[in-house]
Amino acid sequence: MMHELAFDYDLFVIGGGSGGVRAARIAAGEHGAKVALAEEDRMGGTCVIRGCVPKKLMVFASSYRGAMADAQSYGWQVQAGGFDWTVFRGKLDTELDRLEAAYRGGLKAAGVTVYNERATLADAHTVVLASGAQITAKHILIATGGRPSVPEAAAKAGVMTSNDIFKLDALPKSVLIVGGGFIACEFACILAGLGVEVTQFYRGEQILRGFDNEARTLVADQMRAHGIRLLTGTDVAQLQAIEGGMSVRATSGEERIYERVVYATGRVPNTDGLGLAELGVKLGPKGEVKVDGWSQTAVPSIYAVGDVTDRINLTPVAIREGHAFADTVFGATPRMADHDLVASVVFTQPELGTVGQTEEEARTRGPVEVYSTSFRPMQSAFAGRPEKVMMKLVVDSDSRKVLGCHIVAPNAGEMIQMAAIAVKMGATKEDFDRTVAVHPTMSEELVTMRKPVRKT
Ligand code: NDP
């Protein structure tokens, strides 16, 4: 492409996470744009450095406790020793270093200039680096992500967030996790699996608000069966840091001491101090950047992708948004990122995979048939574990289309990815039915459920 000499760069990206890096690499590497990117922290952003990747490795680490118990039940003469956090953390740090280097390598190969410092906006085409340098660009992309949000009193008392878990020097003996969303539930399962005594407070009636009721109820039951003290309708009334931990009074009146308290009470977009509102970029109530379907803000030269826009806060969505932005602005293929029927997984144990509408949501829109089955899977039943899984399809009674698929099972993430293709293609219940089962598997139930359990 032709570079406009009036500007230092065609594109300046603020933020080196999933969305920003993808946009920079595609704009420079595939469309020949002159691109710079500024990152004030480690390259890779939340997903790589303090989110999905280290979290999933911790999920794997914690799953070996159950695997070893199962192995014994299957006849293996194995003896589980203790979990050595320092060994795991050392390997984790090395792996994150490797990934960060790979991200940097990818940017370098695409010809992107990287500034390892904070950047803010001076005007619609100018960024100011922490060092004071001013750089101009025809387009600016805000991809600054989000950060944990903790109520003020808890922050003052010195609670931890998910960011801090990966940096612990030692695993605590006991932990209180506050919240009932993705992060709270995932870490409750991880830490319990690693041998920590876990209590979880959730202020509402049932964890994982917004997910299918039957699915989240089964996840809650299974979490309790795995030894997590999950207390719903419960919040923190008072917190006090004491020697060796925190004294916590719950809204139920219960008082206890926990070695650590982790707040997983949501995340907020990173827009503070960027200078966006001053330029006329519209921000929402949480500080999120308001964008249209093209990820363009109210200021035409400024775009935003990923968690900072608070649309669907998932890595693959940020990547799609960054890619679509680069193709639209620098390639000859304008397109919007598609936010419809995005599958997601909560990496609890067992996992909850979901795509499309919940039963409750679908019922409000029209007549539905619900196909659902819950059972003890072969592998854990043989080992004598009481684990239960669930496969569920929500079907439009008129069009017969599968509107939603919900799976609670080990590796539900792997299964829902496949089911999501069918649901995205508009598969009907009859399409599922004429697919021959793969036997013996858990997911074969998705194609063998003959009678609806409920009709509305
Ligand atoms: P969520 O919004 O999912 O959950 C926040 C939880 O904290 C809710 O249970 C909420 O309760 C509760 N809460 C909020 N404020 C307070 C408060 N003041 N006191 C007590 N409880 C409170 O946020 P997360 O931080 O768990 O995750 C953020 C986002 O990151 C997710 O929505 C998801 O998009 C993404 N993510 C995705 C993952 C994945 O794909 N596997 C993993 C981790 C994160 P209530 O329900 O009552 O509002």
# chains A, B, ... in the order shown; residues from 1 in each chain; ligands from 1
$ residues_around --residues "Leu141 (chain A)" --least-positions-apart "2" --cutoff "10 Å" --atoms "only C-alpha atoms" --output "ChimeraX atom specification"
/A:11-15,19-20,23-24,37,137,139,143-144,295-297,301-305,322,325-326
$ residues_around --residues "Met415 (chain A)" --least-positions-apart "3" --cutoff "12 Å" --atoms "only C-alpha atoms" --output "list in words"
Ala343, Ser344, Val345, Glu351, Leu352, Gly353, Thr354, Val355, Met391, Cys405, His406, Ile407, Val408, Ala409, Pro410, Asn411, Ala412, Met418, Ala419, Ala420, Ile421, Ala422, Thr441, Met442, Ser443, Glu444, Glu445 and Leu446 of chain A
$ write_last_selection --atoms "N, CA and C atoms" --output "PDB file, in the first residue's frame"
ATOM      1  N   ALA A 343     -19.081 -19.580  20.864  1.00  0.00           N
ATOM      2  CA  ALA A 343     -19.047 -20.599  21.929  1.00  0.00           C
ATOM      3  C   ALA A 343     -18.082 -20.172  23.026  1.00  0.00           C
ATOM      4  N   SER A 344     -18.329 -20.621  24.243  1.00  0.00           N
ATOM      5  CA  SER A 344     -17.358 -20.358  25.307  1.00  0.00           C
ATOM      6  C   SER A 344     -17.346 -21.519  26.295  1.00  0.00           C
ATOM      7  N   VAL A 345     -16.290 -21.547  27.084  1.00  0.00           N
ATOM      8  CA  VAL A 345     -16.118 -22.637  28.047  1.00  0.00           C
ATOM      9  C   VAL A 345     -15.675 -22.074  29.380  1.00  0.00           C
ATOM     10  N   GLU A 351     -15.842 -29.192  33.061  1.00  0.00           N
ATOM     11  CA  GLU A 351     -15.975 -27.956  32.293  1.00  0.00           C
ATOM     12  C   GLU A 351     -17.427 -27.725  31.871  1.00  0.00           C
ATOM     13  N   LEU A 352     -17.749 -26.461  31.625  1.00  0.00           N
ATOM     14  CA  LEU A 352     -19.064 -26.113  31.081  1.00  0.00           C
ATOM     15  C   LEU A 352     -18.855 -25.445  29.726  1.00  0.00           C
ATOM     16  N   GLY A 353     -19.291 -26.133  28.678  1.00  0.00           N
ATOM     17  CA  GLY A 353     -19.168 -25.589  27.325  1.00  0.00           C
ATOM     18  C   GLY A 353     -20.540 -25.171  26.834  1.00  0.00           C
ATOM     19  N   THR A 354     -20.600 -24.034  26.181  1.00  0.00           N
ATOM     20  CA  THR A 354     -21.904 -23.537  25.790  1.00  0.00           C
ATOM     21  C   THR A 354     -21.839 -22.793  24.465  1.00  0.00           C
ATOM     22  N   VAL A 355     -22.879 -22.970  23.642  1.00  0.00           N
ATOM     23  CA  VAL A 355     -23.018 -22.151  22.437  1.00  0.00           C
ATOM     24  C   VAL A 355     -24.506 -21.887  22.231  1.00  0.00           C
ATOM     25  N   MET A 391     -25.530 -33.403  28.802  1.00  0.00           N
ATOM     26  CA  MET A 391     -25.569 -32.985  27.387  1.00  0.00           C
ATOM     27  C   MET A 391     -26.962 -32.414  27.153  1.00  0.00           C
ATOM     28  N   CYS A 405     -26.613 -25.324  22.691  1.00  0.00           N
ATOM     29  CA  CYS A 405     -26.044 -26.604  23.107  1.00  0.00           C
ATOM     30  C   CYS A 405     -25.230 -26.334  24.374  1.00  0.00           C
ATOM     31  N   HIS A 406     -25.463 -27.142  25.407  1.00  0.00           N
ATOM     32  CA  HIS A 406     -24.795 -26.937  26.696  1.00  0.00           C
ATOM     33  C   HIS A 406     -24.242 -28.269  27.179  1.00  0.00           C
ATOM     34  N   ILE A 407     -22.959 -28.274  27.477  1.00  0.00           N
ATOM     35  CA  ILE A 407     -22.303 -29.521  27.864  1.00  0.00           C
ATOM     36  C   ILE A 407     -21.553 -29.313  29.177  1.00  0.00           C
ATOM     37  N   VAL A 408     -21.837 -30.149  30.158  1.00  0.00           N
ATOM     38  CA  VAL A 408     -21.041 -30.149  31.389  1.00  0.00           C
ATOM     39  C   VAL A 408     -20.344 -31.496  31.424  1.00  0.00           C
ATOM     40  N   ALA A 409     -19.046 -31.496  31.282  1.00  0.00           N
ATOM     41  CA  ALA A 409     -18.299 -32.763  31.217  1.00  0.00           C
ATOM     42  C   ALA A 409     -16.807 -32.469  31.194  1.00  0.00           C
ATOM     43  N   PRO A 410     -15.982 -33.468  31.554  1.00  0.00           N
ATOM     44  CA  PRO A 410     -14.551 -33.290  31.337  1.00  0.00           C
ATOM     45  C   PRO A 410     -14.341 -33.044  29.834  1.00  0.00           C
ATOM     46  N   ASN A 411     -13.492 -32.113  29.502  1.00  0.00           N
ATOM     47  CA  ASN A 411     -13.214 -31.773  28.096  1.00  0.00           C
ATOM     48  C   ASN A 411     -14.413 -31.236  27.317  1.00  0.00           C
ATOM     49  N   ALA A 412     -15.367 -30.636  28.007  1.00  0.00           N
ATOM     50  CA  ALA A 412     -16.524 -30.042  27.314  1.00  0.00           C
ATOM     51  C   ALA A 412     -16.055 -28.974  26.318  1.00  0.00           C
ATOM     52  N   MET A 418     -16.777 -28.431  18.411  1.00  0.00           N
ATOM     53  CA  MET A 418     -17.328 -29.195  17.282  1.00  0.00           C
ATOM     54  C   MET A 418     -18.826 -28.920  17.143  1.00  0.00           C
ATOM     55  N   ALA A 419     -19.537 -28.951  18.267  1.00  0.00           N
ATOM     56  CA  ALA A 419     -20.988 -28.711  18.221  1.00  0.00           C
ATOM     57  C   ALA A 419     -21.262 -27.304  17.690  1.00  0.00           C
ATOM     58  N   ALA A 420     -20.377 -26.361  18.015  1.00  0.00           N
ATOM     59  CA  ALA A 420     -20.587 -24.962  17.599  1.00  0.00           C
ATOM     60  C   ALA A 420     -20.604 -24.833  16.076  1.00  0.00           C
ATOM     61  N   ILE A 421     -19.842 -25.683  15.382  1.00  0.00           N
ATOM     62  CA  ILE A 421     -19.835 -25.617  13.910  1.00  0.00           C
ATOM     63  C   ILE A 421     -21.228 -25.956  13.391  1.00  0.00           C
ATOM     64  N   ALA A 422     -21.799 -27.022  13.944  1.00  0.00           N
ATOM     65  CA  ALA A 422     -23.137 -27.440  13.502  1.00  0.00           C
ATOM     66  C   ALA A 422     -24.176 -26.366  13.825  1.00  0.00           C
ATOM     67  N   THR A 441     -18.592 -42.927  23.747  1.00  0.00           N
ATOM     68  CA  THR A 441     -18.145 -41.587  24.141  1.00  0.00           C
ATOM     69  C   THR A 441     -19.252 -40.954  24.988  1.00  0.00           C
ATOM     70  N   MET A 442     -18.914 -39.822  25.601  1.00  0.00           N
ATOM     71  CA  MET A 442     -19.947 -39.081  26.335  1.00  0.00           C
ATOM     72  C   MET A 442     -20.809 -38.299  25.359  1.00  0.00           C
ATOM     73  N   SER A 443     -20.129 -37.713  24.338  1.00  0.00           N
ATOM     74  CA  SER A 443     -20.837 -36.786  23.456  1.00  0.00           C
ATOM     75  C   SER A 443     -21.757 -37.494  22.470  1.00  0.00           C
ATOM     76  N   GLU A 444     -21.711 -38.819  22.408  1.00  0.00           N
ATOM     77  CA  GLU A 444     -22.639 -39.518  21.513  1.00  0.00           C
ATOM     78  C   GLU A 444     -24.081 -39.236  21.918  1.00  0.00           C
ATOM     79  N   GLU A 445     -24.269 -38.888  23.204  1.00  0.00           N
ATOM     80  CA  GLU A 445     -25.629 -38.578  23.671  1.00  0.00           C
ATOM     81  C   GLU A 445     -26.236 -37.404  22.895  1.00  0.00           C
ATOM     82  N   LEU A 446     -25.372 -36.548  22.354  1.00  0.00           N
ATOM     83  CA  LEU A 446     -25.883 -35.387  21.605  1.00  0.00           C
ATOM     84  C   LEU A 446     -26.657 -35.823  20.358  1.00  0.00           C
TER      85      LEU A 446
END
$ residues_around --residues "Val289 (chain A)" --least-positions-apart "6" --cutoff "9 Å" --atoms "only C-alpha atoms" --output "list in words"
Ile142, Pro269, Thr271, Leu276, Val281, Lys282, Leu283, Thr297, Tyr303, Ala304, Val305, Val308, Thr309 and Asp310 of chain A
$ atom_distance --atom1 "CA of Asp340 (chain A)" --atom2 "atom 42 (C, counted along the ligand's line) of ligand 1"
18.9 Å
$ residues_near_ligand --ligand "ligand 1" --cutoff "9 Å" --atoms "only C-alpha atoms and all ligand atoms" --output "mmCIF file with C-alpha atoms, in the first residue's frame"
data_model
loop_
_atom_site.group_PDB
_atom_site.id
_atom_site.type_symbol
_atom_site.label_atom_id
_atom_site.label_comp_id
_atom_site.auth_asym_id
_atom_site.auth_seq_id
_atom_site.Cartn_x
_atom_site.Cartn_y
_atom_site.Cartn_z
ATOM 1 C CA GLY A 51 -5.153 -15.249 31.855
ATOM 2 C CA CYS A 52 -6.132 -18.101 29.562
ATOM 3 C CA LYS A 55 -4.825 -20.591 33.864
ATOM 4 C CA LYS A 56 -5.181 -23.580 31.517
ATOM 5 C CA GLY A 146 -9.117 -4.767 30.883
ATOM 6 C CA ARG A 147 -8.122 -5.371 34.467
ATOM 7 C CA PRO A 148 -9.716 -6.912 37.569
ATOM 8 C CA SER A 149 -12.178 -4.683 39.376
ATOM 9 C CA VAL A 150 -12.293 -4.963 43.170
ATOM 10 C CA PRO A 151 -14.612 -3.071 45.560
ATOM 11 C CA GLU A 152 -12.687 -0.290 47.297
ATOM 12 C CA SER A 162 -6.411 -13.495 39.558
ATOM 13 C CA VAL A 178 -15.352 -13.973 46.188
ATOM 14 C CA GLY A 179 -17.503 -13.969 43.038
ATOM 15 C CA GLY A 180 -19.472 -16.443 40.964
ATOM 16 C CA GLY A 181 -18.310 -15.751 37.401
ATOM 17 C CA PHE A 182 -15.821 -17.445 35.058
ATOM 18 C CA ILE A 183 -12.704 -16.524 37.022
ATOM 19 C CA ALA A 184 -14.028 -17.249 40.527
ATOM 20 C CA CYS A 185 -15.323 -20.697 39.562
ATOM 21 C CA GLU A 186 -12.262 -21.657 37.543
ATOM 22 C CA PHE A 201 -18.839 -16.773 48.363
ATOM 23 C CA TYR A 202 -21.333 -15.807 45.694
ATOM 24 C CA ARG A 203 -23.824 -13.046 46.471
ATOM 25 C CA GLY A 204 -26.588 -14.349 44.158
ATOM 26 C CA GLU A 205 -28.729 -17.453 44.128
ATOM 27 C CA GLN A 206 -26.619 -19.550 41.769
ATOM 28 C CA ILE A 207 -23.091 -19.205 40.329
ATOM 29 C CA LEU A 208 -22.418 -18.495 36.636
ATOM 30 C CA ARG A 209 -25.320 -16.106 36.101
ATOM 31 C CA GLY A 210 -26.312 -15.975 32.453
ATOM 32 C CA THR A 234 -23.346 -14.967 50.760
ATOM 33 C CA ASP A 235 -21.069 -11.963 50.507
ATOM 34 C CA VAL A 236 -18.273 -10.421 52.536
ATOM 35 C CA TYR A 263 -11.647 -11.245 44.584
ATOM 36 C CA ALA A 264 -12.924 -12.251 41.138
ATOM 37 C CA THR A 265 -15.704 -9.704 40.946
ATOM 38 C CA GLY A 266 -15.508 -8.719 37.300
ATOM 39 C CA ARG A 267 -13.185 -6.749 35.057
ATOM 40 C CA VAL A 268 -13.156 -3.172 33.767
ATOM 41 C CA ASP A 307 -11.923 -6.242 26.078
ATOM 42 C CA ASP A 310 -16.538 -4.730 26.483
ATOM 43 C CA ARG A 311 -18.441 -6.559 23.731
ATOM 44 C CA ILE A 312 -17.696 -10.288 24.154
ATOM 45 C CA ASN A 313 -14.629 -10.449 26.369
ATOM 46 C CA LEU A 314 -12.923 -13.511 24.944
ATOM 47 C CA THR A 315 -9.491 -13.843 23.299
ATOM 48 C CA SER A 344 -17.358 -20.358 25.307
ATOM 49 C CA VAL A 345 -16.118 -22.637 28.047
ATOM 50 C CA VAL A 346 -15.779 -22.267 31.769
ATOM 51 C CA PHE A 347 -12.770 -24.362 32.764
ATOM 52 C CA THR A 348 -14.260 -25.676 35.962
#
$ closest_residue --among "A:Thr199, A:Thr113, A:Ser62, A:Thr120" --to "Ala277 (chain A)" --atoms "only C-alpha atoms"
A:Thr120
$ select_by_dssp --residues "region 347-402 of chain A" --states "strand (DSSP E or B)" --output "PyMOL selection string"
chain A and resi 351-356+368-375+389-396+401-402
$ write_last_selection --atoms "C-alpha atoms" --output "mmCIF file, in the first residue's frame"
data_model
loop_
_atom_site.group_PDB
_atom_site.id
_atom_site.type_symbol
_atom_site.label_atom_id
_atom_site.label_comp_id
_atom_site.auth_asym_id
_atom_site.auth_seq_id
_atom_site.Cartn_x
_atom_site.Cartn_y
_atom_site.Cartn_z
ATOM 1 C CA GLU A 351 -15.975 -27.956 32.293
ATOM 2 C CA LEU A 352 -19.064 -26.113 31.081
ATOM 3 C CA GLY A 353 -19.168 -25.589 27.325
ATOM 4 C CA THR A 354 -21.904 -23.537 25.790
ATOM 5 C CA VAL A 355 -23.018 -22.151 22.437
ATOM 6 C CA GLY A 356 -26.204 -20.309 21.595
ATOM 7 C CA VAL A 368 -38.908 -24.792 22.306
ATOM 8 C CA GLU A 369 -38.190 -28.467 22.853
ATOM 9 C CA VAL A 370 -35.498 -29.339 25.350
ATOM 10 C CA TYR A 371 -33.424 -32.500 25.027
ATOM 11 C CA SER A 372 -31.281 -33.122 28.051
ATOM 12 C CA THR A 373 -29.564 -36.017 29.718
ATOM 13 C CA SER A 374 -27.384 -36.290 32.787
ATOM 14 C CA PHE A 375 -25.453 -39.433 33.605
ATOM 15 C CA VAL A 389 -22.078 -35.008 33.168
ATOM 16 C CA MET A 390 -24.806 -33.346 31.114
ATOM 17 C CA MET A 391 -25.569 -32.985 27.387
ATOM 18 C CA LYS A 392 -28.351 -30.612 26.404
ATOM 19 C CA LEU A 393 -29.898 -29.274 23.211
ATOM 20 C CA VAL A 394 -32.427 -26.449 23.064
ATOM 21 C CA VAL A 395 -34.462 -26.771 19.868
ATOM 22 C CA ASP A 396 -36.808 -24.324 18.133
ATOM 23 C CA LYS A 401 -33.042 -25.528 14.514
ATOM 24 C CA VAL A 402 -30.754 -26.215 17.461
#
$ closest_residue --among "A:Ala36, A:Gln349, A:Lys290, A:Val261" --to "Ile228 (chain A)" --atoms "only C-alpha atoms"
A:Gln349
$ atom_distance --atom1 "CA of Ala188 (chain A)" --atom2 "CA of Gln79 (chain A)"
24.8 Å
$ residues_around --residues "Leu171 (chain A)" --least-positions-apart "2" --cutoff "10 Å" --atoms "only C-alpha atoms" --output "list in words"
Phe83, Asp84, Trp85, Thr86, Ile165, Leu168, Asp169, Lys173, Ser174, Val175, Leu191, Leu194, Gly195, Val196, Glu259 and Arg260 of chain A
$ write_last_selection --atoms "all heavy atoms" --output "compact mmCIF listing (two decimals), in the first residue's frame"
# COMPACT_ATOMS: atom_id res chain seq x y z
N PHE A 83 2.00 -31.78 45.90
CA PHE A 83 2.20 -30.95 44.71
C PHE A 83 3.26 -29.90 45.03
O PHE A 83 3.14 -29.20 46.04
CB PHE A 83 0.87 -30.28 44.32
CG PHE A 83 1.01 -29.27 43.22
CD1 PHE A 83 1.31 -29.67 41.93
CD2 PHE A 83 0.85 -27.91 43.48
CE1 PHE A 83 1.45 -28.74 40.92
CE2 PHE A 83 0.98 -26.97 42.47
CZ PHE A 83 1.29 -27.39 41.19
N ASP A 84 4.27 -29.80 44.20
CA ASP A 84 5.34 -28.83 44.44
C ASP A 84 5.09 -27.59 43.57
O ASP A 84 5.40 -27.58 42.38
CB ASP A 84 6.69 -29.47 44.11
CG ASP A 84 7.86 -28.60 44.57
OD1 ASP A 84 7.66 -27.35 44.67
OD2 ASP A 84 8.94 -29.14 44.83
N TRP A 85 4.54 -26.57 44.18
CA TRP A 85 4.18 -25.34 43.47
C TRP A 85 5.40 -24.69 42.83
O TRP A 85 5.33 -24.15 41.73
CB TRP A 85 3.49 -24.38 44.45
CG TRP A 85 3.30 -22.98 43.94
CD1 TRP A 85 3.98 -21.88 44.32
CD2 TRP A 85 2.35 -22.55 42.94
NE1 TRP A 85 3.54 -20.77 43.64
CE2 TRP A 85 2.54 -21.15 42.78
CE3 TRP A 85 1.38 -23.19 42.18
CZ2 TRP A 85 1.79 -20.40 41.89
CZ3 TRP A 85 0.63 -22.42 41.29
CH2 TRP A 85 0.84 -21.05 41.15
N THR A 86 6.54 -24.74 43.55
CA THR A 86 7.72 -24.04 43.02
C THR A 86 8.22 -24.68 41.72
O THR A 86 8.67 -23.97 40.82
CB THR A 86 8.88 -23.99 44.05
OG1 THR A 86 9.05 -25.30 44.56
CG2 THR A 86 8.60 -23.04 45.19
N ILE A 165 -2.35 -14.60 41.51
CA ILE A 165 -2.27 -16.04 41.79
C ILE A 165 -1.05 -16.66 41.11
O ILE A 165 -0.34 -17.47 41.70
CB ILE A 165 -3.57 -16.76 41.36
CG1 ILE A 165 -4.72 -16.28 42.27
CG2 ILE A 165 -3.42 -18.28 41.42
CD1 ILE A 165 -6.05 -16.90 41.98
N LEU A 168 2.27 -16.21 43.11
CA LEU A 168 2.41 -16.63 44.51
C LEU A 168 3.74 -17.34 44.73
O LEU A 168 4.17 -18.15 43.90
CB LEU A 168 1.29 -17.60 44.86
CG LEU A 168 -0.08 -17.03 45.20
CD1 LEU A 168 -1.11 -18.16 45.25
CD2 LEU A 168 -0.04 -16.28 46.51
N ASP A 169 4.38 -17.06 45.87
CA ASP A 169 5.62 -17.77 46.21
C ASP A 169 5.30 -19.18 46.70
O ASP A 169 6.07 -20.11 46.50
CB ASP A 169 6.39 -17.02 47.30
CG ASP A 169 6.98 -15.73 46.75
OD1 ASP A 169 7.30 -15.72 45.53
OD2 ASP A 169 7.09 -14.74 47.50
N LYS A 173 -2.74 -22.44 52.47
CA LYS A 173 -3.44 -23.62 52.98
C LYS A 173 -4.94 -23.45 52.75
O LYS A 173 -5.65 -24.38 52.41
CB LYS A 173 -3.13 -23.74 54.49
CG LYS A 173 -3.40 -25.10 55.05
CD LYS A 173 -2.86 -25.21 56.47
CE LYS A 173 -3.50 -26.34 57.24
NZ LYS A 173 -4.91 -26.54 57.09
N SER A 174 -5.41 -22.19 52.93
CA SER A 174 -6.84 -21.95 52.76
C SER A 174 -7.04 -20.66 51.97
O SER A 174 -6.23 -19.73 52.05
CB SER A 174 -7.52 -21.81 54.12
OG SER A 174 -7.01 -20.68 54.79
N VAL A 175 -8.12 -20.63 51.21
CA VAL A 175 -8.41 -19.43 50.43
C VAL A 175 -9.91 -19.18 50.39
O VAL A 175 -10.71 -20.13 50.38
CB VAL A 175 -7.82 -19.56 49.00
CG1 VAL A 175 -8.56 -20.59 48.17
CG2 VAL A 175 -7.83 -18.25 48.24
N LEU A 191 -7.59 -24.39 42.51
CA LEU A 191 -6.92 -24.40 43.81
C LEU A 191 -7.34 -25.61 44.64
O LEU A 191 -6.52 -26.22 45.33
CB LEU A 191 -7.18 -23.08 44.55
CG LEU A 191 -6.53 -21.86 43.88
CD1 LEU A 191 -6.96 -20.56 44.55
CD2 LEU A 191 -4.99 -21.96 43.90
N LEU A 194 -5.41 -28.49 43.58
CA LEU A 194 -4.01 -28.44 44.01
C LEU A 194 -3.87 -28.67 45.52
O LEU A 194 -2.76 -28.58 46.06
CB LEU A 194 -3.37 -27.10 43.62
CG LEU A 194 -3.26 -26.84 42.11
CD1 LEU A 194 -2.66 -25.46 41.84
CD2 LEU A 194 -2.42 -27.91 41.42
N GLY A 195 -5.00 -28.90 46.18
CA GLY A 195 -4.94 -29.26 47.60
C GLY A 195 -5.20 -28.11 48.57
O GLY A 195 -5.02 -28.26 49.77
N VAL A 196 -5.63 -26.96 48.05
CA VAL A 196 -5.94 -25.81 48.92
C VAL A 196 -7.38 -25.97 49.43
O VAL A 196 -8.26 -26.42 48.70
CB VAL A 196 -5.80 -24.48 48.12
CG1 VAL A 196 -6.15 -23.28 48.98
CG2 VAL A 196 -4.40 -24.35 47.55
N GLU A 259 -6.11 -17.85 54.79
CA GLU A 259 -4.73 -17.40 54.55
C GLU A 259 -4.71 -16.34 53.43
O GLU A 259 -3.97 -15.37 53.51
CB GLU A 259 -3.85 -18.60 54.19
CG GLU A 259 -2.39 -18.29 54.33
CD GLU A 259 -1.52 -19.51 54.07
OE1 GLU A 259 -1.92 -20.64 54.42
OE2 GLU A 259 -0.43 -19.32 53.49
N ARG A 260 -5.54 -16.57 52.42
CA ARG A 260 -5.62 -15.60 51.31
C ARG A 260 -7.07 -15.36 50.93
O ARG A 260 -7.90 -16.27 51.03
CB ARG A 260 -4.91 -16.14 50.06
CG ARG A 260 -3.46 -16.41 50.23
CD ARG A 260 -2.66 -15.13 50.10
NE ARG A 260 -1.23 -15.40 50.06
CZ ARG A 260 -0.33 -14.46 49.84
NH1 ARG A 260 -0.70 -13.21 49.65
NH2 ARG A 260 0.94 -14.76 49.82
$ closest_residue --among "A:Met58, A:Asn163, A:Pro440, A:Lys455" --to "Gly366 (chain A)" --atoms "only C-alpha atoms"
A:Lys455
$ residues_around --residues "Gly16 (chain A)" --least-positions-apart "6" --cutoff "6 Å" --atoms "only C-alpha atoms" --output "ChimeraX atom specification"
/A:39,43-45
